>>> print(open('model30.csv').read())   # CSV, N, CA and C atoms and all ligand atoms
chain,number,residue,atom,x,y,z
A,15,MET,N,0.9,-1.2,0.0
A,15,MET,CA,0.0,0.0,0.0
A,15,MET,C,0.9,1.2,0.0
A,16,THR,N,1.1,1.9,-1.2
A,16,THR,CA,2.0,3.0,-1.3
A,16,THR,C,1.7,4.2,-0.5
A,17,ASP,N,0.4,4.5,-0.3
A,17,ASP,CA,0.0,5.7,0.4
A,17,ASP,C,-0.1,5.6,1.9
A,18,CYS,N,0.0,4.4,2.4
A,18,CYS,CA,-0.2,4.1,3.8
A,18,CYS,C,1.0,4.6,4.6
A,19,ILE,N,0.7,5.5,5.6
A,19,ILE,CA,1.8,6.1,6.4
A,19,ILE,C,2.7,5.1,7.1
A,20,PHE,N,2.1,4.0,7.6
A,20,PHE,CA,2.9,3.0,8.4
A,20,PHE,C,3.7,2.2,7.4
A,21,CYS,N,3.2,1.9,6.2
A,21,CYS,CA,4.0,1.3,5.1
A,21,CYS,C,5.2,2.2,4.8
A,22,LYS,N,5.0,3.5,4.8
A,22,LYS,CA,6.1,4.4,4.5
A,22,LYS,C,7.1,4.4,5.6
A,23,ILE,N,6.7,4.2,6.8
A,23,ILE,CA,7.6,4.1,7.9
A,23,ILE,C,8.4,2.8,7.8
A,24,ILE,N,7.7,1.7,7.4
A,24,ILE,CA,8.4,0.4,7.2
A,24,ILE,C,9.5,0.5,6.1
A,25,ARG,N,9.2,1.3,5.1
A,25,ARG,CA,10.1,1.4,3.9
A,25,ARG,C,11.2,2.4,4.2
A,26,GLY,N,11.1,3.1,5.4
A,26,GLY,CA,12.1,4.1,5.7
A,26,GLY,C,11.9,5.5,5.1
A,27,GLU,N,10.7,5.7,4.4
A,27,GLU,CA,10.5,6.9,3.8
A,27,GLU,C,10.0,8.0,4.7
A,28,ILE,N,9.5,7.6,5.9
A,28,ILE,CA,9.2,8.5,7.0
A,28,ILE,C,10.0,8.0,8.2
A,29,PRO,N,10.7,8.9,8.9
A,29,PRO,CA,11.5,8.4,10.0
A,29,PRO,C,10.6,8.1,11.2
A,30,CYS,N,11.2,7.2,12.1
A,30,CYS,CA,10.5,6.9,13.3
A,30,CYS,C,11.6,6.6,14.4
A,31,ALA,N,11.1,6.7,15.6
A,31,ALA,CA,12.0,6.3,16.8
A,31,ALA,C,11.8,4.8,17.0
A,32,LYS,N,12.6,4.0,16.4
A,32,LYS,CA,12.4,2.6,16.5
A,32,LYS,C,12.7,2.0,17.9
A,33,VAL,N,11.8,1.2,18.3
A,33,VAL,CA,11.9,0.5,19.6
A,33,VAL,C,12.3,-0.9,19.5
A,34,TYR,N,11.8,-1.6,18.5
A,34,TYR,CA,11.9,-3.0,18.3
A,34,TYR,C,11.7,-3.4,16.8
A,35,GLU,N,12.4,-4.3,16.3
A,35,GLU,CA,12.2,-4.8,14.9
A,35,GLU,C,12.6,-6.2,14.7
A,36,ASP,N,11.8,-7.0,14.0
A,36,ASP,CA,12.2,-8.3,13.6
A,36,ASP,C,11.7,-8.5,12.2
A,37,ASP,N,11.7,-9.7,11.7
A,37,ASP,CA,11.4,-9.9,10.2
A,37,ASP,C,9.9,-9.7,10.0
A,38,ALA,N,9.1,-9.7,11.0
A,38,ALA,CA,7.6,-9.6,10.8
A,38,ALA,C,7.0,-8.3,11.4
A,39,VAL,N,7.7,-7.7,12.3
A,39,VAL,CA,7.1,-6.6,13.1
A,39,VAL,C,8.1,-5.5,13.3
A,40,LEU,N,7.5,-4.2,13.3
A,40,LEU,CA,8.2,-3.0,13.7
A,40,LEU,C,7.5,-2.3,14.8
A,41,ALA,N,8.2,-1.8,15.7
A,41,ALA,CA,7.6,-1.0,16.8
A,41,ALA,C,8.4,0.3,17.0
A,42,PHE,N,7.6,1.4,17.2
A,42,PHE,CA,8.2,2.7,17.3
A,42,PHE,C,7.4,3.6,18.2
A,43,ASP,N,8.1,4.6,18.8
A,43,ASP,CA,7.4,5.5,19.7
A,43,ASP,C,6.3,6.3,18.9
A,44,ASP,N,5.1,6.4,19.5
A,44,ASP,CA,4.0,7.1,19.0
A,44,ASP,C,4.4,8.6,18.9
A,45,ILE,N,4.0,9.3,17.8
A,45,ILE,CA,4.4,10.7,17.6
A,45,ILE,C,3.6,11.6,18.6
A,46,HIS,N,2.5,11.2,19.0
A,46,HIS,CA,1.6,11.9,20.0
A,46,HIS,C,1.4,11.1,21.2
A,47,PRO,N,2.4,10.9,22.1
A,47,PRO,CA,2.2,9.9,23.2
A,47,PRO,C,1.1,10.3,24.2
A,48,MET,N,0.4,9.3,24.6
A,48,MET,CA,-0.7,9.5,25.5
A,48,MET,C,-0.3,9.1,26.9
A,49,ALA,N,0.9,8.6,27.1
A,49,ALA,CA,1.5,8.1,28.3
A,49,ALA,C,3.0,8.2,28.2
A,50,PRO,N,3.8,8.1,29.3
A,50,PRO,CA,5.2,8.2,29.3
A,50,PRO,C,5.8,7.2,28.3
A,51,VAL,N,5.2,6.0,28.3
A,51,VAL,CA,5.6,5.0,27.3
A,51,VAL,C,4.4,4.8,26.4
A,52,HIS,N,4.5,5.1,25.1
A,52,HIS,CA,3.5,4.8,24.1
A,52,HIS,C,4.1,4.4,22.8
A,53,VAL,N,4.0,3.1,22.6
A,53,VAL,CA,4.7,2.5,21.4
A,53,VAL,C,3.6,1.9,20.5
A,54,VAL,N,3.8,2.1,19.2
A,54,VAL,CA,2.9,1.5,18.2
A,54,VAL,C,3.6,0.3,17.6
A,55,ILE,N,2.9,-0.8,17.6
A,55,ILE,CA,3.5,-2.1,17.1
A,55,ILE,C,2.7,-2.5,15.9
A,56,ILE,N,3.5,-2.7,14.8
A,56,ILE,CA,2.8,-3.0,13.5
A,56,ILE,C,3.4,-4.2,12.8
A,57,PRO,N,2.5,-4.9,12.0
A,57,PRO,CA,3.1,-6.0,11.2
A,57,PRO,C,3.7,-5.3,9.9
A,58,LYS,N,4.7,-6.0,9.4
A,58,LYS,CA,5.4,-5.4,8.2
A,58,LYS,C,4.6,-5.6,6.9
A,59,THR,N,3.6,-6.5,7.0
A,59,THR,CA,2.7,-6.6,5.8
A,59,THR,C,1.5,-5.8,6.1
A,60,HIS,N,1.0,-5.1,5.0
A,60,HIS,CA,-0.2,-4.3,5.2
A,60,HIS,C,-1.4,-5.0,5.4
A,61,VAL,N,-2.0,-4.8,6.6
A,61,VAL,CA,-3.4,-5.3,6.9
A,61,VAL,C,-4.1,-4.1,7.4
A,62,ALA,N,-5.3,-3.8,6.9
A,62,ALA,CA,-6.0,-2.6,7.2
A,62,ALA,C,-6.5,-2.5,8.6
A,63,THR,N,-7.2,-3.5,9.0
A,63,THR,CA,-7.9,-3.5,10.4
A,63,THR,C,-7.8,-4.8,11.0
A,64,LEU,N,-8.2,-4.9,12.3
A,64,LEU,CA,-8.3,-6.1,13.0
A,64,LEU,C,-9.2,-7.1,12.3
A,65,LEU,N,-10.3,-6.6,11.6
A,65,LEU,CA,-11.2,-7.4,10.9
A,65,LEU,C,-10.6,-8.1,9.7
A,66,ASP,N,-9.5,-7.6,9.2
A,66,ASP,CA,-8.9,-8.1,8.0
A,66,ASP,C,-7.8,-9.2,8.3
A,67,VAL,N,-7.6,-9.4,9.6
A,67,VAL,CA,-6.6,-10.4,10.0
A,67,VAL,C,-7.1,-11.8,9.8
A,68,ASP,N,-6.4,-12.7,9.2
A,68,ASP,CA,-6.7,-14.1,9.2
A,68,ASP,C,-6.2,-14.7,10.5
A,69,ALA,N,-7.2,-15.0,11.3
A,69,ALA,CA,-6.8,-15.5,12.7
A,69,ALA,C,-5.9,-16.7,12.7
A,70,LYS,N,-5.8,-17.4,11.5
A,70,LYS,CA,-5.0,-18.6,11.4
A,70,LYS,C,-3.6,-18.3,11.1
A,71,ASP,N,-3.3,-17.1,10.6
A,71,ASP,CA,-1.9,-16.8,10.3
A,71,ASP,C,-1.2,-16.3,11.5
A,72,ALA,N,0.1,-16.0,11.4
A,72,ALA,CA,0.9,-15.8,12.6
A,72,ALA,C,1.0,-14.4,13.0
A,73,THR,N,0.3,-13.5,12.3
A,73,THR,CA,0.4,-12.0,12.6
A,73,THR,C,0.1,-11.7,14.0
A,74,VAL,N,-1.0,-12.1,14.5
A,74,VAL,CA,-1.4,-11.7,15.9
A,74,VAL,C,-0.4,-12.2,16.9
A,75,GLY,N,0.0,-13.4,16.8
A,75,GLY,CA,1.0,-14.0,17.7
A,75,GLY,C,2.3,-13.2,17.7
A,76,ARG,N,2.7,-12.8,16.5
A,76,ARG,CA,4.0,-12.1,16.3
A,76,ARG,C,3.8,-10.7,17.0
A,77,LEU,N,2.6,-10.1,16.9
A,77,LEU,CA,2.4,-8.8,17.5
A,77,LEU,C,2.5,-8.9,19.0
A,78,ILE,N,1.9,-10.0,19.5
A,78,ILE,CA,1.9,-10.2,21.0
A,78,ILE,C,3.3,-10.4,21.5
A,79,ALA,N,4.1,-11.3,20.7
A,79,ALA,CA,5.4,-11.5,21.1
A,79,ALA,C,6.3,-10.3,21.1
A,80,ALA,N,6.0,-9.4,20.1
A,80,ALA,CA,6.8,-8.1,20.1
A,80,ALA,C,6.4,-7.2,21.2
A,81,ALA,N,5.1,-7.3,21.6
A,81,ALA,CA,4.6,-6.5,22.8
A,81,ALA,C,5.4,-6.9,24.0
A,82,GLN,N,5.6,-8.2,24.2
A,82,GLN,CA,6.3,-8.7,25.4
A,82,GLN,C,7.7,-8.1,25.4
A,83,ASP,N,8.4,-8.1,24.2
A,83,ASP,CA,9.7,-7.5,24.1
A,83,ASP,C,9.7,-6.0,24.4
A,84,VAL,N,8.8,-5.3,23.8
A,84,VAL,CA,8.7,-3.9,23.9
A,84,VAL,C,8.5,-3.5,25.4
A,85,ALA,N,7.6,-4.2,26.1
A,85,ALA,CA,7.4,-4.0,27.5
A,85,ALA,C,8.6,-4.1,28.3
A,86,ARG,N,9.4,-5.1,28.0
A,86,ARG,CA,10.7,-5.3,28.7
A,86,ARG,C,11.7,-4.2,28.3
A,87,ILE,N,11.8,-3.9,27.0
A,87,ILE,CA,12.7,-2.8,26.6
A,87,ILE,C,12.4,-1.5,27.2
A,88,LYS,N,11.1,-1.2,27.4
A,88,LYS,CA,10.7,0.1,28.0
A,88,LYS,C,10.5,0.0,29.5
A,89,ASN,N,10.9,-1.1,30.1
A,89,ASN,CA,10.9,-1.3,31.5
A,89,ASN,C,9.5,-1.0,32.1
A,90,VAL,N,8.4,-1.5,31.5
A,90,VAL,CA,7.1,-1.4,32.0
A,90,VAL,C,6.5,-2.8,32.3
A,91,ALA,N,7.3,-3.9,32.0
A,91,ALA,CA,6.7,-5.2,32.2
A,91,ALA,C,6.2,-5.5,33.6
A,92,ALA,N,7.1,-5.2,34.6
A,92,ALA,CA,6.8,-5.5,36.0
A,92,ALA,C,5.7,-4.5,36.5
A,93,GLY,N,5.8,-3.3,36.2
A,93,GLY,CA,4.8,-2.3,36.7
A,93,GLY,C,3.5,-2.4,36.0
A,94,GLY,N,3.5,-2.8,34.8
A,94,GLY,CA,2.2,-3.1,34.0
A,94,GLY,C,2.0,-2.1,32.9
A,95,PHE,N,1.2,-2.5,32.0
A,95,PHE,CA,1.0,-1.7,30.8
A,95,PHE,C,-0.4,-2.1,30.2
A,96,ARG,N,-0.8,-1.3,29.1
A,96,ARG,CA,-2.0,-1.6,28.4
A,96,ARG,C,-1.8,-1.8,27.0
A,97,THR,N,-2.4,-2.7,26.3
A,97,THR,CA,-2.4,-2.8,24.9
A,97,THR,C,-3.8,-2.5,24.3
A,98,VAL,N,-3.8,-1.8,23.2
A,98,VAL,CA,-5.1,-1.4,22.6
A,98,VAL,C,-5.0,-1.5,21.1
A,99,VAL,N,-6.0,-2.1,20.5
A,99,VAL,CA,-6.2,-2.2,19.0
A,99,VAL,C,-7.5,-1.5,18.7
A,100,ASN,N,-7.4,-0.3,18.1
A,100,ASN,CA,-8.6,0.4,17.6
A,100,ASN,C,-9.0,-0.2,16.3
A,101,CYS,N,-10.3,-0.3,16.1
A,101,CYS,CA,-10.8,-0.8,14.8
A,101,CYS,C,-12.0,0.0,14.3
A,102,ASN,N,-11.7,0.6,13.1
A,102,ASN,CA,-12.7,1.4,12.4
A,102,ASN,C,-13.1,2.6,13.1
A,103,ALA,N,-14.1,3.4,12.6
A,103,ALA,CA,-14.4,4.7,13.0
A,103,ALA,C,-14.7,4.9,14.5
A,104,ASP,N,-15.7,4.1,14.9
A,104,ASP,CA,-16.2,4.2,16.3
A,104,ASP,C,-15.1,3.7,17.3
A,105,GLY,N,-14.2,2.9,16.8
A,105,GLY,CA,-13.1,2.4,17.7
A,105,GLY,C,-12.0,3.4,17.8
A,106,GLY,N,-12.1,4.5,17.0
A,106,GLY,CA,-11.0,5.5,17.0
A,106,GLY,C,-9.8,5.2,16.1
A,107,GLN,N,-10.0,4.3,15.2
A,107,GLN,CA,-8.9,4.0,14.3
A,107,GLN,C,-8.7,5.1,13.3
A,108,VAL,N,-7.5,5.7,13.2
A,108,VAL,CA,-7.2,6.8,12.3
A,108,VAL,C,-6.3,6.3,11.1
A,109,VAL,N,-5.3,5.4,11.5
A,109,VAL,CA,-4.4,4.9,10.5
A,109,VAL,C,-4.8,3.5,10.2
A,110,PHE,N,-5.1,3.2,8.9
A,110,PHE,CA,-5.7,2.0,8.5
A,110,PHE,C,-4.6,1.0,8.0
A,111,HIS,N,-3.7,0.7,9.0
A,111,HIS,CA,-2.7,-0.3,8.9
A,111,HIS,C,-2.7,-0.9,10.3
A,112,LEU,N,-3.1,-2.1,10.4
A,112,LEU,CA,-3.2,-2.8,11.8
A,112,LEU,C,-2.1,-2.4,12.7
A,113,HIS,N,-2.4,-2.0,13.9
A,113,HIS,CA,-1.4,-1.7,14.9
A,113,HIS,C,-1.9,-1.9,16.3
A,114,MET,N,-1.0,-2.2,17.2
A,114,MET,CA,-1.3,-2.3,18.6
A,114,MET,C,-0.6,-1.2,19.3
A,115,HIS,N,-1.3,-0.4,20.2
A,115,HIS,CA,-0.7,0.6,21.0
A,115,HIS,C,-0.3,-0.2,22.3
A,116,LEU,N,0.9,0.2,22.8
A,116,LEU,CA,1.4,-0.3,24.1
A,116,LEU,C,1.6,1.0,24.9
A,117,LEU,N,0.8,1.1,26.0
A,117,LEU,CA,0.9,2.3,26.9
A,117,LEU,C,1.3,1.9,28.3
A,118,GLY,N,2.2,2.7,28.9
A,118,GLY,CA,2.6,2.5,30.3
A,118,GLY,C,3.4,3.6,30.8
A,119,GLY,N,4.0,3.4,32.0
A,119,GLY,CA,4.8,4.4,32.6
A,119,GLY,C,4.1,5.3,33.6
A,120,ARG,N,2.8,5.1,33.7
A,120,ARG,CA,2.0,5.8,34.7
A,120,ARG,C,0.8,4.9,35.0
A,121,LYS,N,0.1,5.2,36.1
A,121,LYS,CA,-1.2,4.5,36.4
A,121,LYS,C,-2.2,4.9,35.4
A,122,LEU,N,-2.7,4.0,34.6
A,122,LEU,CA,-3.7,4.4,33.5
A,122,LEU,C,-5.1,4.4,34.1
A,123,GLU,N,-6.0,5.2,33.6
A,123,GLU,CA,-7.4,5.3,34.1
A,123,GLU,C,-8.1,4.0,33.8
A,124,ASP,N,-9.1,3.8,34.6
A,124,ASP,CA,-9.9,2.5,34.5
A,124,ASP,C,-10.7,2.5,33.2
A,125,GLN,N,-11.3,3.7,32.8
A,125,GLN,CA,-12.1,3.6,31.6
A,125,GLN,C,-11.3,3.5,30.3
A,126,LEU,N,-11.9,2.9,29.3
A,126,LEU,CA,-11.2,2.7,28.1
A,126,LEU,C,-11.7,3.7,27.0
A,127,GLY,N,-12.7,4.5,27.2
A,127,GLY,CA,-13.1,5.4,26.2
A,127,GLY,C,-13.9,6.5,26.7
A,201,LIG,P1,-5.1,4.9,15.8
A,201,LIG,O1,-6.0,6.1,16.2
A,201,LIG,O2,-5.3,4.7,14.3
A,201,LIG,O3,-5.4,3.7,16.6
A,201,LIG,O4,-3.6,5.3,16.1
A,201,LIG,C1,-2.7,5.8,15.2
A,201,LIG,C2,-1.6,6.3,16.0
A,201,LIG,O5,-0.5,6.5,15.1
A,201,LIG,C3,-1.8,7.6,16.7
A,201,LIG,O6,-1.6,7.4,18.1
A,201,LIG,C4,-0.8,8.6,16.1
A,201,LIG,O7,-0.3,9.5,17.0
A,201,LIG,C5,0.2,7.7,15.5
A,201,LIG,N1,0.9,8.2,14.3
A,201,LIG,C6,0.3,8.7,13.2
A,201,LIG,N2,1.2,9.1,12.3
A,201,LIG,C7,2.4,8.8,12.9
A,201,LIG,C8,3.7,9.0,12.4
A,201,LIG,O8,4.0,9.5,11.3
A,201,LIG,N3,4.7,8.6,13.2
A,201,LIG,C9,4.5,8.0,14.5
A,201,LIG,N4,5.5,7.7,15.2
A,201,LIG,N5,3.2,7.9,14.9
A,201,LIG,C10,2.2,8.2,14.1
A,202,ZN,ZN,0.3,-0.1,5.4
>>> encode(input="model30.csv", output="structure tokens")
Amino acid sequence: MTDCIFCKIIRGEIPCAKVYEDDAVLAFDDIHPMAPVHVVIIPKTHVATLLDVDAKDATVGRLIAAAQDVARIKNVAAGGFRTVVNCNADGGQVVFHLHMHLLGGRKLEDQLG
């Protein structure tokens, strides 16, 4: 997807503050952080939304595995953190390339929306 902002980050056409990378996943600091730690974790293949994931493929598992690494890299594993995947308009999705937010570094509010 040439016009997708996250695909451009993957291709290096837009810079990012990289936190973690492997063959399937890239993670980088969110440009508008909502918490002291706010990382966006994305698959390297373009998938628009959660609804477009084939649950039988490895994508979701790789995102979770990357989230475990990111939590340790950012030193929020023991204290705790939150992961969020927004889907479509009412879910607050703005970038239509599947991504998981990882938030931490402070006590997060109980409400989700
Ligand atoms: P969404 O609302 O789609 O779940 O979240 C998209 C997230 O991507 C937002 O938190 C937004 O701040 C972040 N974002 C959008 N464009 C960029 C960018 O160019 N660089 C980085 N690092 N984050 C971005
Ligand atoms: Zn994309």
>>> residues_near_ligand(input="model30.csv", ligand="ligand ZN 202 (chain A)", cutoff="5 Å", atoms="all atoms listed in the file", output="PyMOL selection string")
chain A and resi 18+20-21+60+111
>>> write_last_selection(input="model30.csv", atoms="N, CA and C atoms", output="PDB file, keeping the file's coordinate frame")
ATOM      1  N   CYS A  18       0.000   4.400   2.400  1.00  0.00           N
ATOM      2  CA  CYS A  18      -0.200   4.100   3.800  1.00  0.00           C
ATOM      3  C   CYS A  18       1.000   4.600   4.600  1.00  0.00           C
ATOM      4  N   PHE A  20       2.100   4.000   7.600  1.00  0.00           N
ATOM      5  CA  PHE A  20       2.900   3.000   8.400  1.00  0.00           C
ATOM      6  C   PHE A  20       3.700   2.200   7.400  1.00  0.00           C
ATOM      7  N   CYS A  21       3.200   1.900   6.200  1.00  0.00           N
ATOM      8  CA  CYS A  21       4.000   1.300   5.100  1.00  0.00           C
ATOM      9  C   CYS A  21       5.200   2.200   4.800  1.00  0.00           C
ATOM     10  N   HIS A  60       1.000  -5.100   5.000  1.00  0.00           N
ATOM     11  CA  HIS A  60      -0.200  -4.300   5.200  1.00  0.00           C
ATOM     12  C   HIS A  60      -1.400  -5.000   5.400  1.00  0.00           C
ATOM     13  N   HIS A 111      -3.700   0.700   9.000  1.00  0.00           N
ATOM     14  CA  HIS A 111      -2.700  -0.300   8.900  1.00  0.00           C
ATOM     15  C   HIS A 111      -2.700  -0.900  10.300  1.00  0.00           C
TER      16      HIS A 111
END
>>> closest_atom_pairs(input="model30.csv", of="chain A", to="ligand LIG 201 (chain A)", cutoff="6.5 Å", atoms="all atoms listed in the file", output="Markdown table")
| residue | atom | partner | partner_atom | distance |
| --- | --- | --- | --- | --- |
| A:Ile19 | C | A:LIG201 | O8 | 6.2 |
| A:Pro29 | C | A:LIG201 | N3 | 6.2 |
| A:Cys30 | CA | A:LIG201 | N4 | 5.4 |
| A:Ala31 | N | A:LIG201 | N4 | 5.7 |
| A:Phe42 | C | A:LIG201 | N4 | 5.4 |
| A:Asp43 | C | A:LIG201 | N4 | 4.0 |
| A:Asp44 | C | A:LIG201 | N4 | 4.0 |
| A:Ile45 | N | A:LIG201 | N5 | 3.3 |
| A:His46 | N | A:LIG201 | O7 | 3.8 |
| A:Pro47 | N | A:LIG201 | O7 | 5.9 |
| A:Val99 | C | A:LIG201 | O3 | 6.0 |
| A:Asn100 | CA | A:LIG201 | O3 | 4.7 |
| A:Cys101 | N | A:LIG201 | O3 | 6.3 |
| A:Gly106 | C | A:LIG201 | O1 | 3.9 |
| A:Gln107 | C | A:LIG201 | O2 | 3.6 |
| A:Val108 | N | A:LIG201 | O2 | 2.7 |
| A:Val109 | N | A:LIG201 | O2 | 2.9 |
| A:Phe110 | N | A:LIG201 | O2 | 5.6 |
>>> atom_distance(input="model30.csv", atom1="atom C of Gln82 (chain A)", atom2="CA of Pro57 (chain A)")
15.1 Å
>>> atom_distance(input="model30.csv", atom1="CA of Asn102 (chain A)", atom2="CA of Thr63 (chain A)")
7.1 Å
>>> residues_near_point(input="model30.csv", point="(6.4, 1.4, 20.8)", cutoff="7 Å", atoms="all atoms listed in the file", output="PyMOL selection string")
chain A and resi 32-34+41-44+51-55+84+116
>>> select_by_dssp(input="model30.csv", residues="region 16-85 of chain A", states="helix (DSSP H, G or I)", output="PyMOL selection string")
chain A and resi 19-24+64-66+73-85
>>> write_last_selection(input="model30.csv", atoms="N, CA and C atoms", output="mmCIF file, keeping the file's coordinate frame")
data_model
loop_
_atom_site.group_PDB
_atom_site.id
_atom_site.type_symbol
_atom_site.label_atom_id
_atom_site.label_comp_id
_atom_site.auth_asym_id
_atom_site.auth_seq_id
_atom_site.Cartn_x
_atom_site.Cartn_y
_atom_site.Cartn_z
ATOM 1 N N ILE A 19 0.700 5.500 5.600
ATOM 2 C CA ILE A 19 1.800 6.100 6.400
ATOM 3 C C ILE A 19 2.700 5.100 7.100
ATOM 4 N N PHE A 20 2.100 4.000 7.600
ATOM 5 C CA PHE A 20 2.900 3.000 8.400
ATOM 6 C C PHE A 20 3.700 2.200 7.400
ATOM 7 N N CYS A 21 3.200 1.900 6.200
ATOM 8 C CA CYS A 21 4.000 1.300 5.100
ATOM 9 C C CYS A 21 5.200 2.200 4.800
ATOM 10 N N LYS A 22 5.000 3.500 4.800
ATOM 11 C CA LYS A 22 6.100 4.400 4.500
ATOM 12 C C LYS A 22 7.100 4.400 5.600
ATOM 13 N N ILE A 23 6.700 4.200 6.800
ATOM 14 C CA ILE A 23 7.600 4.100 7.900
ATOM 15 C C ILE A 23 8.400 2.800 7.800
ATOM 16 N N ILE A 24 7.700 1.700 7.400
ATOM 17 C CA ILE A 24 8.400 0.400 7.200
ATOM 18 C C ILE A 24 9.500 0.500 6.100
ATOM 19 N N LEU A 64 -8.200 -4.900 12.300
ATOM 20 C CA LEU A 64 -8.300 -6.100 13.000
ATOM 21 C C LEU A 64 -9.200 -7.100 12.300
ATOM 22 N N LEU A 65 -10.300 -6.600 11.600
ATOM 23 C CA LEU A 65 -11.200 -7.400 10.900
ATOM 24 C C LEU A 65 -10.600 -8.100 9.700
ATOM 25 N N ASP A 66 -9.500 -7.600 9.200
ATOM 26 C CA ASP A 66 -8.900 -8.100 8.000
ATOM 27 C C ASP A 66 -7.800 -9.200 8.300
ATOM 28 N N THR A 73 0.300 -13.500 12.300
ATOM 29 C CA THR A 73 0.400 -12.000 12.600
ATOM 30 C C THR A 73 0.100 -11.700 14.000
ATOM 31 N N VAL A 74 -1.000 -12.100 14.500
ATOM 32 C CA VAL A 74 -1.400 -11.700 15.900
ATOM 33 C C VAL A 74 -0.400 -12.200 16.900
ATOM 34 N N GLY A 75 0.000 -13.400 16.800
ATOM 35 C CA GLY A 75 1.000 -14.000 17.700
ATOM 36 C C GLY A 75 2.300 -13.200 17.700
ATOM 37 N N ARG A 76 2.700 -12.800 16.500
ATOM 38 C CA ARG A 76 4.000 -12.100 16.300
ATOM 39 C C ARG A 76 3.800 -10.700 17.000
ATOM 40 N N LEU A 77 2.600 -10.100 16.900
ATOM 41 C CA LEU A 77 2.400 -8.800 17.500
ATOM 42 C C LEU A 77 2.500 -8.900 19.000
ATOM 43 N N ILE A 78 1.900 -10.000 19.500
ATOM 44 C CA ILE A 78 1.900 -10.200 21.000
ATOM 45 C C ILE A 78 3.300 -10.400 21.500
ATOM 46 N N ALA A 79 4.100 -11.300 20.700
ATOM 47 C CA ALA A 79 5.400 -11.500 21.100
ATOM 48 C C ALA A 79 6.300 -10.300 21.100
ATOM 49 N N ALA A 80 6.000 -9.400 20.100
ATOM 50 C CA ALA A 80 6.800 -8.100 20.100
ATOM 51 C C ALA A 80 6.400 -7.200 21.200
ATOM 52 N N ALA A 81 5.100 -7.300 21.600
ATOM 53 C CA ALA A 81 4.600 -6.500 22.800
ATOM 54 C C ALA A 81 5.400 -6.900 24.000
ATOM 55 N N GLN A 82 5.600 -8.200 24.200
ATOM 56 C CA GLN A 82 6.300 -8.700 25.400
ATOM 57 C C GLN A 82 7.700 -8.100 25.400
ATOM 58 N N ASP A 83 8.400 -8.100 24.200
ATOM 59 C CA ASP A 83 9.700 -7.500 24.100
ATOM 60 C C ASP A 83 9.700 -6.000 24.400
ATOM 61 N N VAL A 84 8.800 -5.300 23.800
ATOM 62 C CA VAL A 84 8.700 -3.900 23.900
ATOM 63 C C VAL A 84 8.500 -3.500 25.400
ATOM 64 N N ALA A 85 7.600 -4.200 26.100
ATOM 65 C CA ALA A 85 7.400 -4.000 27.500
ATOM 66 C C ALA A 85 8.600 -4.100 28.300
#
>>> closest_residue(input="model30.csv", among="A:Ala103, A:Ala92, A:Ala69, A:Ala81", to="His115 (chain A)", atoms="all atoms listed in the file")
A:Ala81
>>> select_by_dssp(input="model30.csv", residues="chain A", states="strand (DSSP E)", output="list of chain:residue names")
A:Lys32, A:Val33, A:Tyr34, A:Glu35, A:Val39, A:Leu40, A:Ala41, A:Phe42, A:Asp43, A:Val51, A:His52, A:Val53, A:Val54, A:Ile55, A:Ile56, A:Pro57, A:Phe95, A:Arg96, A:Thr97, A:Val98, A:Met114, A:His115, A:Leu116, A:Leu117, A:Gly118
>>> atom_distance(input="model30.csv", atom1="CA of Asn89 (chain A)", atom2="CA of Ala72 (chain A)")
25.8 Å
>>> closest_residue(input="model30.csv", among="A:Val61, A:Ile23, A:Leu126, A:Ile28", to="Leu40 (chain A)", atoms="only C-alpha atoms")
A:Ile23
>>> decode(input="model30.csv", residues="region 101-115 of chain A", atoms="C-alpha atoms", output="PDB file, in the first residue's frame")
ATOM      1  CA  CYS A 101     -10.848  -0.827  14.825  1.00  0.00           C
ATOM      2  CA  ASN A 102     -12.743   1.363  12.360  1.00  0.00           C
ATOM      3  CA  ALA A 103     -14.366   4.746  13.021  1.00  0.00           C
ATOM      4  CA  ASP A 104     -16.164   4.208  16.333  1.00  0.00           C
ATOM      5  CA  GLY A 105     -13.118   2.389  17.676  1.00  0.00           C
ATOM      6  CA  GLY A 106     -11.024   5.483  17.021  1.00  0.00           C
ATOM      7  CA  GLN A 107      -8.885   4.009  14.259  1.00  0.00           C
ATOM      8  CA  VAL A 108      -7.178   6.763  12.256  1.00  0.00           C
ATOM      9  CA  VAL A 109      -4.367   4.878  10.517  1.00  0.00           C
ATOM     10  CA  PHE A 110      -5.676   1.962   8.492  1.00  0.00           C
ATOM     11  CA  HIS A 111      -2.689  -0.324   8.902  1.00  0.00           C
ATOM     12  CA  LEU A 112      -3.228  -2.764  11.768  1.00  0.00           C
ATOM     13  CA  HIS A 113      -1.397  -1.650  14.904  1.00  0.00           C
ATOM     14  CA  MET A 114      -1.290  -2.331  18.600  1.00  0.00           C
ATOM     15  CA  HIS A 115      -0.735   0.551  21.034  1.00  0.00           C
TER      16      HIS A 115
END
